[in-house]
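*Asks:* One structure follows; several queries about it will come next.
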Amino acid sequence: MENKVKRELPDNLMEKMDLKPFETTEIGHPVVQRVAPKVRVTTGQNKIADSLDSVIKDNLKDGMTISFHHHFRNGDYIFNMIMDKIISMGYQNLTLAPSSLTGVMNDKVIEAIKKGVITNITSSGMRGSLGDFVSHGGLKNPVIFRSHGNRARSIEEGEIKIDVAFLGVPVSDPAGNANGQDGDAVFGSLGYALMDAQYADTVILLTDNIVDYPNTPASIKQDQVDYVVKVDKVGDPDKIGSGATRFTKDPKELKIAQMVNQVIVNSPYYKPGFSFQTGSGGAALAVTRYLRESMLEDGITASFAVGGITKPTTDLLEEGLVKKVMDVQDFDKGAAQSMANNKNQQEIDASWYADPHNKGAVVNNLDVSILSALQIDTNFNVNVMTGSDGVIRGAVGGHQDSAAGAKMTIITAPLVRGRNATVVPSVETIVTPGSSIDVLVTERGIAINPARKDLIAAFSQVPGLKILDIKELQKMAEKQVGIPKPLEYTDRTVALVEYRDGTVIDAIKEVKD
């Protein structure tokens with residue numbers, strides 16, 4: 001079976017799992033039916049459980065689907081604590097459905113897979129030892145990778161049915177009113193966890209800080225919560241960023257950031273009230289800094305910024321350069337702490353952020369989106385999932401969602417990384433289709449999607465902005481690092497990558513040893 005971006009998909013799995021191949025980025029106006037969770041009615045206001053063990057035993061059964069959120073990122077203490085207990089209790093055949101998987105979770109997930117505790121995974125991404133383990137056939141069934149918007153859609157429409165959600169929060173009252181902006185382990189927005197709290201049959205909050213009722217503001221509300229479990233410590237807020245918010249000093253990254261800023265300020269979208277999404281990482285933070293300077297110089301104020309939020313973005317909010325921040329996740333402690341102090345930093349859930357099947361997601365109001373890539377090919381297809389060795393080492397995140405919604409999507413990438421080309425004839429894994437990408441910015445110049453004749457005309461007039469055909473950039477990369485040997489895979493599919501509407505855009509094969 002071949003989809004519209006000419007990727008071969010496994011017929012047997014597509015049929016067995018009742019999946020459809022990717023056809024188009026156009027969502028249209030379907031009428032969809034949403035589901036509702038089971039509700040165990042209670043009138044009590046004190047939901048504090050005697051022990052975590054008893055809560056697990058009373059609610060978890062073999063074959064169920066369990067979920068977690070990743071807002072603590074590498075500072076998460078909850079995941080491994082829960083999985084240790086589930087493994088020791090001998091549960092089998094569970095589906096793991098977290099909003100994403102971070103490095104601190106890897107060893108425990110591998111242990112659970114080897115012992116038959118976890119047999120299915122759906123997530124936004126995975127990296128490190130777990131990605132390597134899955135890429136070499138370690139999991140019996142293929143992983144399903146979904147974007148943040150697609151995960152929200154899948155939960156709302158019942159494709160992911162969460163039986164038990166384990167949600168770590170920095171503060172809760174005895175009834176389950178909780179948020180991410182107060183307490184010792186502040187991480188800010190609970191955007192991804194809000195989906196689990198709303199749709200899981202059983203919601204278990206874990207916190208190290210129980211306060212008097214009623215705890216407000218309440219992101220997760222008492223009418224969604226079944227149990228509150230007191231633990232010694234839920235997480236380390238200093239590890240939320242884990243290097244993601246380092247401002248780069250790399251000359252190549254700074255040059256790319258300056259060129260991105262040139263593209264933005266010379267685009268038809270740079271005007272009072274424009275909106276944007278950047279991201280984490282050194283180059284993205286540098287873009288934010290250069291954009292700030294331009295906005296000050298030009299007297300331009302943005303209507304809103306969205307996405308994973310960093311302190312440089314909330315600094316723009318404090319300065320009045322951005323009127324609102326629509327916050328689905330915070331990437332550093334500074335951004336997390338800002339939420340408690342600024343009413344214009346609005347917490348949003350993943351559906352509001354990016355679900356393609358609702359009555360209007362925030363990404364649809366974006367003017368400019370700046371995204372990264374592991375690879376981009378001459379058809380502008382982007383890979384953020386597998387490395388040049390074919391191993392899973394990334395996440396879909398909101399990549400597909402913001403690229404589809406924004407009026408102008410910019411990909412930032414160096415021409416090569418080490419001895420590997422970034423601009424290639426064909427990416428290993430298509431995550432975001434080229435029809436959603438408008439501009440590629442590298443340190444050697446920019447390439448514009450030929451379909452965007454308006455942008456070609458606009459940027460051709462910009463002094464110092466070197467515009468190249470993307471095939472020229474690909475040949476430059478090839479000349480620098482050579483032509484790599486084709487990767488070898490087995491016939492076995494280890495993962496399927498969905499597009500945001502639930503269709504399958506690519507399949508990831510097992511890497512040959």
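Scheme for the structure tokens: letters A, B, ... for chains in order shown; per-chain residue numbers from 1; ligand numbers from 1 in order shown.
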Env of range 101-108 of chain A: 8 Å cut, atoms = only C-alpha atoms, seq-sep filter 5 positions within chain, self excluded. Answer as a VMD selection string.
*Replies:* chain A and resid 70 73 to 76 79 to 80 83 to 84 123 to 130
*Asks:* For those residues, write C-alpha atoms to a file as a PDB file, in the first residue's frame.
*Replies:*
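Saved result, selection-v3.pdb, follows:
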ATOM      1  CA  HIS A  70       5.774  14.617  30.317  1.00  0.00           C
ATOM      2  CA  ARG A  73      10.572  16.245  31.332  1.00  0.00           C
ATOM      3  CA  ASN A  74      13.891  14.954  32.723  1.00  0.00           C
ATOM      4  CA  GLY A  75      12.912  16.036  36.240  1.00  0.00           C
ATOM      5  CA  ASP A  76      10.101  13.463  36.414  1.00  0.00           C
ATOM      6  CA  PHE A  79       6.851   7.582  36.060  1.00  0.00           C
ATOM      7  CA  ASN A  80       9.557   5.256  37.371  1.00  0.00           C
ATOM      8  CA  MET A  83       6.188   1.527  36.820  1.00  0.00           C
ATOM      9  CA  ASP A  84       8.298  -0.105  39.539  1.00  0.00           C
ATOM     10  CA  SER A 123       3.471   8.399  22.196  1.00  0.00           C
ATOM     11  CA  SER A 124       4.643  11.614  20.588  1.00  0.00           C
ATOM     12  CA  GLY A 125       8.212  10.339  20.541  1.00  0.00           C
ATOM     13  CA  MET A 126      11.114   8.517  22.164  1.00  0.00           C
ATOM     14  CA  ARG A 127      14.862   8.866  22.262  1.00  0.00           C
ATOM     15  CA  GLY A 128      18.046   7.321  23.577  1.00  0.00           C
ATOM     16  CA  SER A 129      18.203   3.708  24.706  1.00  0.00           C
ATOM     17  CA  LEU A 130      14.451   3.156  24.282  1.00  0.00           C
TER      18      LEU A 130
END
*Asks:* According to DSSP computed on the backbone, where in range 126-194 of chain A is there helix (DSSP H, G or I)? Give the residues as number ranges by chain.
*Replies:* A: 128-135, 148-156, 193-194
*Asks:* Just write the chosen residues, C-alpha atoms, as a CSV table (one decimal), in the first residue's frame.
*Replies:*
chain,number,residue,atom,x,y,z
A,128,GLY,CA,18.0,7.3,23.6
A,129,SER,CA,18.2,3.7,24.7
A,130,LEU,CA,14.5,3.2,24.3
A,131,GLY,CA,14.5,4.4,20.7
A,132,ASP,CA,17.4,2.2,20.0
A,133,PHE,CA,15.7,-0.8,21.6
A,134,VAL,CA,12.5,-0.4,19.6
A,135,SER,CA,14.4,0.3,16.4
A,148,HIS,CA,0.2,16.5,20.2
A,149,GLY,CA,-2.9,17.6,18.2
A,150,ASN,CA,-3.5,14.1,17.0
A,151,ARG,CA,-3.2,12.6,20.5
A,152,ALA,CA,-5.9,15.0,21.7
A,153,ARG,CA,-8.0,14.0,18.7
A,154,SER,CA,-7.5,10.3,19.3
A,155,ILE,CA,-8.4,10.6,22.9
A,156,GLU,CA,-11.5,12.7,22.2
A,193,ALA,CA,-2.3,16.3,31.1
A,194,LEU,CA,-5.6,18.1,30.8
*Asks:* Would you pick out the contacts of range 225-235 of chain A at 10 Å or less, using only C-alpha atoms, so that residues sharing its chain but fewer than 5 positions from it are not included, and give the list as a PyMOL selection string?
*Replies:* chain A and resi 39-42+46-52+55+71-79+81+165-178+184-187+197-198+200-210+220+240
*Asks:* Quote the spacing between CA of Ser275 in chain A and CA of Asp469 in chain A in Å to one decimal place.
*Replies:*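 If I compute the distance from CA of Ser275 in chain A to CA of Asp469 in chain A, I get 27.7 Å.
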*Asks:* Which polymer residues have any atom within 7 Å of an atom of Lys509 in chain A, counting only C-alpha atoms, with same-chain residues fewer than 3 positions away left out, as a list of chain:residue names?
*Replies:* A:Tyr489, A:Thr490, A:Asp491, A:Arg492, A:Thr493, A:Val494
*Asks:* Mind dumping the selected residues with all heavy atoms as a PDB file, in the first residue's frame?
*Replies:*
ATOM      1  N   TYR A 489      17.371  -2.406   6.413  1.00  0.00           N
ATOM      2  CA  TYR A 489      16.269  -2.698   7.323  1.00  0.00           C
ATOM      3  C   TYR A 489      15.771  -4.111   7.081  1.00  0.00           C
ATOM      4  O   TYR A 489      15.943  -4.677   5.993  1.00  0.00           O
ATOM      5  CB  TYR A 489      15.095  -1.731   7.093  1.00  0.00           C
ATOM      6  CG  TYR A 489      15.411  -0.272   7.300  1.00  0.00           C
ATOM      7  CD1 TYR A 489      15.737   0.551   6.225  1.00  0.00           C
ATOM      8  CD2 TYR A 489      15.354   0.297   8.567  1.00  0.00           C
ATOM      9  CE1 TYR A 489      16.003   1.907   6.406  1.00  0.00           C
ATOM     10  CE2 TYR A 489      15.616   1.657   8.767  1.00  0.00           C
ATOM     11  CZ  TYR A 489      15.937   2.452   7.672  1.00  0.00           C
ATOM     12  OH  TYR A 489      16.203   3.785   7.857  1.00  0.00           O
ATOM     13  N   THR A 490      15.121  -4.669   8.079  1.00  0.00           N
ATOM     14  CA  THR A 490      14.400  -5.926   7.885  1.00  0.00           C
ATOM     15  C   THR A 490      13.003  -5.598   7.348  1.00  0.00           C
ATOM     16  O   THR A 490      12.657  -4.434   7.150  1.00  0.00           O
ATOM     17  CB  THR A 490      14.265  -6.703   9.206  1.00  0.00           C
ATOM     18  OG1 THR A 490      13.311  -6.046  10.061  1.00  0.00           O
ATOM     19  CG2 THR A 490      15.600  -6.800   9.940  1.00  0.00           C
ATOM     20  N   ASP A 491      12.204  -6.619   7.119  1.00  0.00           N
ATOM     21  CA  ASP A 491      10.837  -6.412   6.626  1.00  0.00           C
ATOM     22  C   ASP A 491       9.866  -6.053   7.755  1.00  0.00           C
ATOM     23  O   ASP A 491       8.715  -5.719   7.491  1.00  0.00           O
ATOM     24  CB  ASP A 491      10.327  -7.672   5.916  1.00  0.00           C
ATOM     25  CG  ASP A 491      11.063  -7.917   4.608  1.00  0.00           C
ATOM     26  OD1 ASP A 491      11.553  -6.939   4.018  1.00  0.00           O
ATOM     27  OD2 ASP A 491      11.155  -9.092   4.197  1.00  0.00           O
ATOM     28  N   ARG A 492      10.328  -6.116   8.973  1.00  0.00           N
ATOM     29  CA  ARG A 492       9.432  -5.909  10.111  1.00  0.00           C
ATOM     30  C   ARG A 492       9.214  -4.420  10.388  1.00  0.00           C
ATOM     31  O   ARG A 492      10.165  -3.638  10.404  1.00  0.00           O
ATOM     32  CB  ARG A 492      10.015  -6.580  11.358  1.00  0.00           C
ATOM     33  CG  ARG A 492       9.110  -6.491  12.568  1.00  0.00           C
ATOM     34  CD  ARG A 492       9.734  -7.145  13.771  1.00  0.00           C
ATOM     35  NE  ARG A 492       8.951  -6.853  14.964  1.00  0.00           N
ATOM     36  CZ  ARG A 492       9.410  -6.962  16.187  1.00  0.00           C
ATOM     37  NH1 ARG A 492      10.646  -7.367  16.396  1.00  0.00           N
ATOM     38  NH2 ARG A 492       8.642  -6.686  17.212  1.00  0.00           N
ATOM     39  N   THR A 493       7.969  -4.032  10.628  1.00  0.00           N
ATOM     40  CA  THR A 493       7.626  -2.653  10.974  1.00  0.00           C
ATOM     41  C   THR A 493       7.647  -2.494  12.493  1.00  0.00           C
ATOM     42  O   THR A 493       6.945  -3.212  13.212  1.00  0.00           O
ATOM     43  CB  THR A 493       6.228  -2.292  10.446  1.00  0.00           C
ATOM     44  OG1 THR A 493       6.222  -2.414   9.017  1.00  0.00           O
ATOM     45  CG2 THR A 493       5.848  -0.872  10.827  1.00  0.00           C
ATOM     46  N   VAL A 494       8.449  -1.533  12.979  1.00  0.00           N
ATOM     47  CA  VAL A 494       8.548  -1.314  14.424  1.00  0.00           C
ATOM     48  C   VAL A 494       7.729  -0.115  14.887  1.00  0.00           C
ATOM     49  O   VAL A 494       7.469   0.041  16.079  1.00  0.00           O
ATOM     50  CB  VAL A 494      10.012  -1.155  14.880  1.00  0.00           C
ATOM     51  CG1 VAL A 494      10.802  -2.436  14.603  1.00  0.00           C
ATOM     52  CG2 VAL A 494      10.674   0.052  14.217  1.00  0.00           C
TER      53      VAL A 494
END
*Asks:* Would you please give, as a PyMOL selection string, all residues of range 361-493 of chain A that DSSP assigns to strand (DSSP E or B) based on the backbone?
*Replies:* chain A and resi 368-372+375-377+382-383+386+392+394-395+408-412+416-417+420-421+423-424+432+439-442+445-448+467+489-493
*Asks:* Return the single residue from A:Arg146, A:Lys115, A:His136, A:Lys239 that is closest to Leu496 in chain A, with distances computed using only C-alpha atoms.
*Replies:*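 Of all the options, A:Arg146 lies closest to Leu496 in chain A.
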